[in-house]
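**Student:** This is the structure I have questions about; it appears just below.
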Amino acid sequence: MYTFGIDVGGTTVKCGLFTLEGEALDKWEIPTRTEENGGHILPDIAEAILKKCTEKGIAKEQIQGVGLAVPGPVLENGDVSCAVNLHWDYKEVSKELRGMTGFPVRVGNDANVAALGEMWLGGGRGASSMVMVTLGTGVGGGIVLRGRILSGVHGAAAEIGHMCVEPAETEYCNCGKRGCLEQMASATGVVRLARQELARYEGKTALNAEALTAKAVFDAYKEQDPVAVAAVRRMSHYLGIALANIACVADPDIFVIGGGVSKAGQPLIDAVLAVYREYAFPVCRNIPIVLAELGNDAGI
C-alpha cells in the first residue's frame, strides 16, 4: 500500500509518494497556480497524483489515501475556511480532491501537518505530545497532543505567531494587531530588531543596514558582534517567553524549532532555552527545545 503527501505553498506544491512506513519513494514539485481564485490548484494536484500512479504502475486499490497540507485554517471535515495566499475563500477541499482522484483525502493546516511529520520521523521522534514552531518569513506553529493535531474550533489553534508578546509595540503586524511574536521572532522580525539596534549603536559593527538579512544577523551573532547580540537577545527573550506561556497550556514532551531561521542552529536554541527556563512553570522547565530535522519535507 502507498500514500501521497502533498504540501501546498504559495509558489510551489511539494508532492511525495510514500510507503505507509514513511519511506519516500518519489518526491517532486509542481507550480502553484493561484490565478482565477486558485481554481487550478486542486485539479493540478489531482493530475499530478494520477499521473504518478500511471508512471509507477500503481493500481488505485493500492493507494491508502492522500494527506494534504494547506496554508490556512482547516476544519475537522476537511473544509478550508480561507487560504489568503492561495486566493481561496471557503472551500470544500477534501470533498473536491476526493472527487477528482477517487482516493480518501485528509486535509490539515501546513504548520500542524509539519509538526505531525516532525513528531513521526523528525526532531520530535518518540514523543506523544509536541509543539513545533516554524520561524520563517512569519512565525507558525503546530501542536500535537497525544498523537492528535490540535486544530481548534475555528482551525486557528497554534497560530502562535500572533500571540501578543510586546503590548508596548506601536507598529502593526500583517494580521492587523500590534506586538505579535511574528514581529519579533520571524526572519523579517530579526532584521527589524537589528535595524532598531543599528540606529542607536555608535560603535563598530559588521552589520550593514543596506544589506541586512536574518542570516547576516545570526552569522554576526556567532562572532559576538554587539548589534547582532542585542538583536538576537531581544528575539530570544520574546520567543522564550512565548514558549514558556505555551508550556503552561499544552505541557508537551518537547518543543521543535524549524523554518529558515532555525538554520542559525544550536546558538539560537541555547539563547531561547536560557530565557525559557527563566520564565517556565517549574514542572515544565526541563522540556527540551530542539531543532527540526526534516526541513522542507516535514509537510509531505
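All residue names refer to the C-alpha cells as shown: chains lettered A, B, ... in order, residues numbered from 1 in each chain, ligands numbered from 1 in order.
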With only C-alpha atoms as the counted atoms, please give the residues lying no more than 12 Å from Gly147 of chain A, apart from itself and same-chain residues fewer than 2 positions off, as a ChimeraX atom specification.
**Tutor:** /A:112-113,115-120,124-131,143-145,149-150,252-253
**Student:** Report as a PyMOL selection string: the residues of segment 11-213 of chain A with a DSSP assignment of helix (DSSP H, G or I), based on the backbone of this structure.
**Tutor:** chain A and resi 35-38+41-56+60-62+84-86+93-101+110-121+160-162+182-185+187-200+209-211
**Student:** Counting only C-alpha atoms, which of A:Leu17, A:Ala264, A:Val290, A:Leu25 gets nearest to Ala220 of chain A?
**Tutor:** A:Ala264
**Student:** What gap, in Å, lies between atom CA of Gly38 of chain A and atom CA of Trp88 of chain A?
**Tutor:**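 A separation of 6.1 Å between them.
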**Student:** Neighbouring residues of Val256 of chain A were defined as those with any atom within 6 Å, considering only C-alpha atoms; residues of the same chain fewer than 4 positions away were excluded. Please report them as a list in words.
**Tutor:**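 Within the cut-off, the hits are Met132, Ile289, Val290, Leu291 and Ala292 of chain A.
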**Student:** Suppose we keep C-alpha atoms; can you now write the selection as a tab-separated table (two decimals), in the first residue's frame?
**Tutor:**
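That gives us part_22.tsv:
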```tsv
chain	number	residue	atom	x	y	z
A	132	MET	CA	6.55	22.88	16.72
A	289	ILE	CA	13.88	22.56	22.86
A	290	VAL	CA	15.45	21.02	19.76
A	291	LEU	CA	15.96	21.74	16.08
A	292	ALA	CA	13.69	20.26	13.41
```
**Student:** Find the residue from A:Thr19, A:Thr101, A:Asn85, A:Asn286 that sits nearest to Gly5 of chain A; use only C-alpha atoms when measuring.
**Tutor:**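 Comparing A:Thr19, A:Thr101, A:Asn85, A:Asn286 against Gly5 of chain A, the winner is A:Thr19.
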**Student:** Calculated over only C-alpha atoms, which of the candidates A:Ala199, A:Val105, A:Ala69, A:Ala48 has the smallest distance to Thr3 of chain A?
**Tutor:**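 Comparing A:Ala199, A:Val105, A:Ala69, A:Ala48 against Thr3 of chain A, the winner is A:Val105.
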**Student:** Neighbouring residues of Tyr238 of chain A were defined as those with any atom within 9 Å, considering only C-alpha atoms; residues of the same chain fewer than 6 positions away were excluded. Please report them as a list in words.
**Tutor:**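 So, after excluding close chain neighbours, the residues are Val165, Glu166, Leu181, Met184, Ala185, Val272 and Val275 of chain A.
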**Student:** Measuring atom to atom with only C-alpha atoms, identify which of A:Gly240, A:Gly260, A:Gly99, A:Gly16 is nearest to Trp28 of chain A.
**Tutor:** A:Gly16
**Student:** Near segment 222-231 of chain A, counting only C-alpha atoms, which residues have an atom at most 7 Å away, once you skip same-chain residues fewer than 5 positions from it, shown as a compact mmCIF listing (two decimals) with C-alpha atoms, in the first residue's frame?
**Tutor:**
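What landed in result-v5.txt:
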```
# COMPACT_ATOMS: atom_id res chain seq x y z
CA VAL A 190 15.02 39.65 13.48
CA LEU A 193 15.12 44.34 15.62
CA ALA A 194 18.64 44.58 14.19
CA GLU A 197 19.74 48.31 17.34
CA LEU A 198 21.83 49.70 14.48
CA THR A 205 29.68 46.50 13.80
CA ALA A 206 29.89 44.01 10.96
CA VAL A 217 22.45 38.84 11.85
```
**Student:** Name the closest residue to Val66 of chain A among the candidates A:Asp297, A:Glu23, A:Glu171, A:Asp7; distances are taken between atoms, counting only C-alpha atoms.
**Tutor:** A:Asp7
**Student:** At what distance in Å, to one decimal, does atom CA of Gly142 of chain A lie from atom CA of Lys177 of chain A?
**Tutor:**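 Value for the atom CA of Lys177 of chain A-atom CA of Gly142 of chain A distance: 20.9 Å.
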**Student:** List the neighbours of Asp251 of chain A out to 8 Å using only C-alpha atoms; skip same-chain residues closer than 4 positions along the sequence, and give me the result as a PyMOL selection string.
**Tutor:** chain A and resi 246-247+284
**Student:** Mind giving me the straight-line distance from atom CA of Asp219 of chain A to atom CA of Val139 of chain A in Å, one decimal?
**Tutor:**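 Separating atom CA of Asp219 of chain A from atom CA of Val139 of chain A is a distance of 20.6 Å.
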**Student:** Nearest residue to Lys215 of chain A out of A:Ile257, A:Gly136, A:Leu97, A:Leu273, using only C-alpha atoms?
**Tutor:** A:Gly136
**Student:** Name the residues of segment 103-250 of chain A that fall into strand (DSSP E or B) according to DSSP on the backbone, using the chain letters and numbers of this document, as a ChimeraX atom specification.
**Tutor:** /A:105-109,130-135,139-145,148-149,164,172,178,180
**Student:** Leaving out Gly138 of chain A and any residue of its chain fewer than 2 positions from it, which residues lie within 9 Å of it when counting only C-alpha atoms, given as number ranges by chain?
**Tutor:** A: 134-136, 140, 161, 182-183, 185-189
